[in-house]
file data.pdb (PDB, C-alpha atoms and all ligand atoms)
ATOM      1  CA  MET A 998      96.833 204.901 176.061  1.00  0.00           C
ATOM      2  CA  GLU A 999      96.956 205.871 179.701  1.00  0.00           C
ATOM      3  CA  PRO A1000      95.745 203.463 182.437  1.00  0.00           C
ATOM      4  CA  LYS A1001      92.730 205.746 182.955  1.00  0.00           C
ATOM      5  CA  ASP A1002      91.677 204.970 179.372  1.00  0.00           C
ATOM      6  CA  TYR A1003      91.172 201.319 180.273  1.00  0.00           C
ATOM      7  CA  SER A1004      88.455 199.644 182.266  1.00  0.00           C
ATOM      8  CA  PRO A1005      88.170 196.181 183.759  1.00  0.00           C
ATOM      9  CA  VAL A1006      86.229 193.426 182.018  1.00  0.00           C
ATOM     10  CA  LYS A1007      83.590 191.481 183.912  1.00  0.00           C
ATOM     11  CA  VAL A1008      83.947 187.755 183.319  1.00  0.00           C
ATOM     12  CA  ASN A1009      82.304 184.622 184.668  1.00  0.00           C
ATOM     13  CA  LEU A1010      85.024 182.330 186.009  1.00  0.00           C
ATOM     14  CA  GLU A1011      84.490 178.614 186.506  1.00  0.00           C
ATOM     15  CA  LYS A1012      85.893 176.669 189.426  1.00  0.00           C
ATOM     16  CA  ASP A1013      89.155 174.810 188.659  1.00  0.00           C
ATOM     17  CA  LYS A1014      89.228 175.871 184.993  1.00  0.00           C
ATOM     18  CA  GLY A1015      92.611 177.133 183.795  1.00  0.00           C
ATOM     19  CA  TYR A1016      92.750 180.727 182.572  1.00  0.00           C
ATOM     20  CA  ALA A1017      95.552 182.729 181.003  1.00  0.00           C
ATOM     21  CA  TRP A1018      95.456 186.441 181.795  1.00  0.00           C
ATOM     22  CA  CYS A1019      97.222 188.679 179.268  1.00  0.00           C
ATOM     23  CA  THR A1020     100.100 190.582 180.895  1.00  0.00           C
ATOM     24  CA  CYS A1021     101.470 192.326 177.780  1.00  0.00           C
ATOM     25  CA  SER A1022      98.409 194.196 176.415  1.00  0.00           C
ATOM     26  CA  HIS A1023      98.844 192.837 172.891  1.00  0.00           C
ATOM     27  CA  SER A1024      96.062 190.248 173.045  1.00  0.00           C
ATOM     28  CA  ASN A1025      92.971 190.892 170.936  1.00  0.00           C
ATOM     29  CA  ASN A1026      90.972 188.792 173.396  1.00  0.00           C
ATOM     30  CA  GLN A1027      91.309 190.948 176.542  1.00  0.00           C
ATOM     31  CA  PRO A1028      91.596 190.230 179.360  1.00  0.00           C
ATOM     32  CA  PHE A1029      92.797 186.809 178.228  1.00  0.00           C
ATOM     33  CA  CYS A1030      95.919 185.779 176.311  1.00  0.00           C
ATOM     34  CA  ASP A1031      95.610 184.998 172.605  1.00  0.00           C
ATOM     35  CA  GLY A1032      99.305 184.201 172.085  1.00  0.00           C
ATOM     36  CA  SER A1033     100.184 187.611 170.611  1.00  0.00           C
ATOM     37  CA  HIS A1034     103.079 188.021 173.065  1.00  0.00           C
ATOM     38  CA  ARG A1035     105.078 185.452 171.092  1.00  0.00           C
ATOM     39  CA  ALA A1036     105.170 187.541 167.902  1.00  0.00           C
ATOM     40  CA  LYS A1037     105.800 190.718 169.910  1.00  0.00           C
ATOM     41  CA  ASN A1038     108.500 189.123 172.123  1.00  0.00           C
ATOM     42  CA  ALA A1039     106.485 190.415 175.076  1.00  0.00           C
ATOM     43  CA  THR A1040     105.749 189.081 178.544  1.00  0.00           C
ATOM     44  CA  PRO A1041     103.958 185.727 178.698  1.00  0.00           C
ATOM     45  CA  SER A1042     100.495 185.184 180.125  1.00  0.00           C
ATOM     46  CA  MET A1043      99.788 184.557 183.803  1.00  0.00           C
ATOM     47  CA  GLY A1044      97.914 181.352 184.463  1.00  0.00           C
ATOM     48  CA  PHE A1045      95.321 181.245 187.232  1.00  0.00           C
ATOM     49  CA  THR A1046      92.374 179.286 188.536  1.00  0.00           C
ATOM     50  CA  VAL A1047      89.582 180.044 190.989  1.00  0.00           C
ATOM     51  CA  THR A1048      88.262 177.839 193.780  1.00  0.00           C
ATOM     52  CA  GLU A1049      84.593 178.612 193.141  1.00  0.00           C
ATOM     53  CA  ASP A1050      82.407 179.787 190.266  1.00  0.00           C
ATOM     54  CA  LYS A1051      82.264 183.569 190.399  1.00  0.00           C
ATOM     55  CA  ASP A1052      82.014 186.792 188.439  1.00  0.00           C
ATOM     56  CA  ALA A1053      85.153 188.920 188.543  1.00  0.00           C
ATOM     57  CA  TYR A1054      86.499 192.142 187.084  1.00  0.00           C
ATOM     58  CA  LEU A1055      89.797 191.456 185.378  1.00  0.00           C
ATOM     59  CA  CYS A1056      92.379 194.156 184.753  1.00  0.00           C
ATOM     60  CA  THR A1057      93.046 195.338 181.188  1.00  0.00           C
ATOM     61  CA  CYS A1058      95.405 198.246 181.963  1.00  0.00           C
ATOM     62  CA  LYS A1059      98.069 195.850 183.343  1.00  0.00           C
ATOM     63  CA  GLN A1060      98.859 198.204 186.232  1.00  0.00           C
ATOM     64  CA  THR A1061      97.002 196.265 188.916  1.00  0.00           C
ATOM     65  CA  LYS A1062      98.915 195.208 192.021  1.00  0.00           C
ATOM     66  CA  ASN A1063      96.588 192.217 192.384  1.00  0.00           C
ATOM     67  CA  PRO A1064      96.678 190.460 189.006  1.00  0.00           C
ATOM     68  CA  PRO A1065      94.555 189.351 187.269  1.00  0.00           C
ATOM     69  CA  TYR A1066      91.977 191.388 189.176  1.00  0.00           C
ATOM     70  CA  CYS A1067      91.297 195.098 188.771  1.00  0.00           C
ATOM     71  CA  ASP A1068      92.344 196.968 191.908  1.00  0.00           C
ATOM     72  CA  GLY A1069      91.400 200.449 190.725  1.00  0.00           C
ATOM     73  CA  SER A1070      94.935 201.320 189.560  1.00  0.00           C
ATOM     74  CA  HIS A1071      93.527 202.348 186.171  1.00  0.00           C
ATOM     75  CA  ASN A1072      92.038 205.386 187.937  1.00  0.00           C
ATOM     76  CA  ALA A1073      95.355 206.491 189.456  1.00  0.00           C
TER      77      ALA A1073
HETATM   78  S1  LIG B   1      91.753 197.882 184.683  1.00  0.00           S
HETATM   79 FE1  LIG B   1      91.545 198.457 186.772  1.00  0.00          FE
HETATM   80  S2  LIG B   1      93.516 198.180 187.622  1.00  0.00           S
HETATM   81 FE2  LIG B   1      93.743 197.668 185.521  1.00  0.00          FE
END
call {"tool": "encode", "arguments": {"input": "data.pdb", "output": "structure tokens", "more": "lines below"}}
Ligand code: FES
result
Amino acid sequence: MEPKDYSPVKVNLEKDKGYAWCTCSHSNNQPFCDGSHRAKNATPSMGFTVTEDKDAYLCTCKQTKNPPYCDGSHNA
């Protein structure tokens, strides 16, 4: 699929909770890692936290320049 075929996923993020954003596209739990990269020998997840509770749009096309957040690169 092309980046334009993807769209970001809106998620509610909780302050100080640890998240693992999928970087390899193989996860079946997008935009989060489900461990599939291990079987595929693909890139590992990117851990992140937020400093306040907030809604965010996380990238699923993996082309963003501001991971884990969608920066509109899927439209390029
Ligand atoms: S989904 Fe928008 S930049 Fe990846």
call {"tool": "axis_aligned_box", "arguments": {"input": "data.pdb", "around": "ligand LIG 1 (chain B)", "padding_each_side": "4 Å", "output": "AutoDock Vina command-line options"}}
result
--center_x 92.6 --center_y 198.1 --center_z 186.2 --size_x 10.2 --size_y 8.8 --size_z 10.9
call {"tool": "resolve_selection", "arguments": {"input": "data.pdb", "expression": "the PyMOL selection byres (((chain A and resi 1034-1051) around 7) and not hetatm)", "output": "list in words"}}
result
Asn1009, Leu1010, Glu1011, Lys1012, Asp1013, Lys1014, Gly1015, Tyr1016, Ala1017, Trp1018, Cys1019, Thr1020, Cys1021, His1023, Cys1030, Gly1032, Ser1033, Asp1052 and Ala1053 of chain A
call {"tool": "residues_near_ligand", "arguments": {"input": "data.pdb", "ligand": "ligand LIG 1 (chain B)", "cutoff": "8 Å", "atoms": "only C-alpha atoms and all ligand atoms", "output": "CSV table (one decimal) with C-alpha atoms, in the coordinates of the input"}}
result
chain,number,residue,atom,x,y,z
A,1000,PRO,CA,95.7,203.5,182.4
A,1003,TYR,CA,91.2,201.3,180.3
A,1004,SER,CA,88.5,199.6,182.3
A,1005,PRO,CA,88.2,196.2,183.8
A,1006,VAL,CA,86.2,193.4,182.0
A,1055,LEU,CA,89.8,191.5,185.4
A,1056,CYS,CA,92.4,194.2,184.8
A,1057,THR,CA,93.0,195.3,181.2
A,1058,CYS,CA,95.4,198.2,182.0
A,1059,LYS,CA,98.1,195.8,183.3
A,1060,GLN,CA,98.9,198.2,186.2
A,1061,THR,CA,97.0,196.3,188.9
A,1062,LYS,CA,98.9,195.2,192.0
A,1066,TYR,CA,92.0,191.4,189.2
A,1067,CYS,CA,91.3,195.1,188.8
A,1068,ASP,CA,92.3,197.0,191.9
A,1069,GLY,CA,91.4,200.4,190.7
A,1070,SER,CA,94.9,201.3,189.6
A,1071,HIS,CA,93.5,202.3,186.2
A,1072,ASN,CA,92.0,205.4,187.9
call {"tool": "decode", "arguments": {"input": "data.pdb", "residues": "chain A", "atoms": "C-alpha atoms", "output": "JSON list (two decimals), in the first residue's frame"}}
result
[["chain", "number", "residue", "atom", "x", "y", "z"],
["A", 998, "MET", "CA", 0.00, 0.00, 0.00],
["A", 999, "GLU", "CA", 1.06, 3.56, -0.62],
["A", 1000, "PRO", "CA", 1.30, 6.09, 2.27],
["A", 1001, "LYS", "CA", -1.80, 7.81, 0.87],
["A", 1002, "ASP", "CA", -3.75, 4.60, 1.54],
["A", 1003, "TYR", "CA", -3.17, 4.98, 5.27],
["A", 1004, "SER", "CA", -4.71, 7.36, 7.75],
["A", 1005, "PRO", "CA", -3.78, 8.27, 11.30],
["A", 1006, "VAL", "CA", -5.56, 6.71, 14.27],
["A", 1007, "LYS", "CA", -7.00, 8.92, 16.99],
["A", 1008, "VAL", "CA", -6.08, 7.64, 20.43],
["A", 1009, "ASN", "CA", -6.53, 8.85, 23.99],
["A", 1010, "LEU", "CA", -3.11, 8.96, 25.65],
["A", 1011, "GLU", "CA", -2.67, 8.96, 29.41],
["A", 1012, "LYS", "CA", -0.05, 10.99, 31.22],
["A", 1013, "ASP", "CA", 3.11, 9.03, 32.12],
["A", 1014, "LYS", "CA", 1.81, 5.73, 30.73],
["A", 1015, "GLY", "CA", 4.30, 3.85, 28.55],
["A", 1016, "TYR", "CA", 3.30, 3.26, 24.94],
["A", 1017, "ALA", "CA", 4.98, 1.31, 22.16],
["A", 1018, "TRP", "CA", 4.37, 2.71, 18.68],
["A", 1019, "CYS", "CA", 4.74, 0.20, 15.84],
["A", 1020, "THR", "CA", 7.52, 1.24, 13.45],
["A", 1021, "CYS", "CA", 7.45, -1.80, 11.13],
["A", 1022, "SER", "CA", 3.80, -1.91, 9.96],
["A", 1023, "HIS", "CA", 3.37, -5.58, 10.82],
["A", 1024, "SER", "CA", 1.38, -5.08, 14.02],
["A", 1025, "ASN", "CA", -2.28, -6.09, 13.97],
["A", 1026, "ASN", "CA", -2.92, -3.55, 16.73],
["A", 1027, "GLN", "CA", -2.06, -0.32, 14.87],
["A", 1028, "PRO", "CA", -0.76, 2.14, 15.76],
["A", 1029, "PHE", "CA", 0.71, 0.16, 18.65],
["A", 1030, "CYS", "CA", 3.21, -2.71, 18.68],
["A", 1031, "ASP", "CA", 1.92, -6.25, 19.15],
["A", 1032, "GLY", "CA", 5.34, -7.92, 18.95],
["A", 1033, "SER", "CA", 4.98, -8.99, 15.30],
["A", 1034, "HIS", "CA", 8.35, -7.43, 14.42],
["A", 1035, "ARG", "CA", 10.11, -10.29, 16.21],
["A", 1036, "ALA", "CA", 8.76, -12.98, 13.87],
["A", 1037, "LYS", "CA", 9.31, -10.73, 10.84],
["A", 1038, "ASN", "CA", 12.84, -9.67, 11.92],
["A", 1039, "ALA", "CA", 11.64, -6.10, 11.46],
["A", 1040, "THR", "CA", 12.33, -2.84, 13.26],
["A", 1041, "PRO", "CA", 11.41, -2.74, 16.96],
["A", 1042, "SER", "CA", 8.77, -0.51, 18.48],
["A", 1043, "MET", "CA", 9.40, 3.06, 19.61],
["A", 1044, "GLY", "CA", 8.54, 3.68, 23.23],
["A", 1045, "PHE", "CA", 7.04, 7.01, 24.25],
["A", 1046, "THR", "CA", 5.13, 8.75, 27.00],
["A", 1047, "VAL", "CA", 3.16, 11.99, 27.20],
["A", 1048, "THR", "CA", 3.27, 14.63, 29.92],
["A", 1049, "GLU", "CA", -0.49, 15.19, 30.03],
["A", 1050, "ASP", "CA", -3.66, 13.30, 29.16],
["A", 1051, "LYS", "CA", -4.54, 14.10, 25.56],
["A", 1052, "ASP", "CA", -6.06, 12.86, 22.33],
["A", 1053, "ALA", "CA", -3.56, 12.42, 19.51],
["A", 1054, "TYR", "CA", -3.44, 11.20, 15.93],
["A", 1055, "LEU", "CA", -0.78, 8.54, 15.61],
["A", 1056, "CYS", "CA", 0.85, 7.67, 12.30],
["A", 1057, "THR", "CA", 0.10, 4.31, 10.65],
["A", 1058, "CYS", "CA", 1.92, 4.86, 7.34],
["A", 1059, "LYS", "CA", 5.32, 5.01, 9.11],
["A", 1060, "GLN", "CA", 6.47, 7.91, 6.93],
["A", 1061, "THR", "CA", 6.00, 10.64, 9.52],
["A", 1062, "LYS", "CA", 8.97, 12.85, 10.36],
["A", 1063, "ASN", "CA", 7.55, 13.36, 13.85],
["A", 1064, "PRO", "CA", 6.94, 9.85, 15.20],
["A", 1065, "PRO", "CA", 4.65, 8.62, 16.63],
["A", 1066, "TYR", "CA", 2.44, 11.50, 15.49],
["A", 1067, "CYS", "CA", 0.92, 11.93, 12.05],
["A", 1068, "ASP", "CA", 2.49, 14.91, 10.29],
["A", 1069, "GLY", "CA", 0.52, 14.64, 7.05],
["A", 1070, "SER", "CA", 3.24, 12.68, 5.22],
["A", 1071, "HIS", "CA", 0.66, 10.06, 4.26],
["A", 1072, "ASN", "CA", -0.80, 12.65, 1.87],
["A", 1073, "ALA", "CA", 2.52, 13.33, 0.12]]
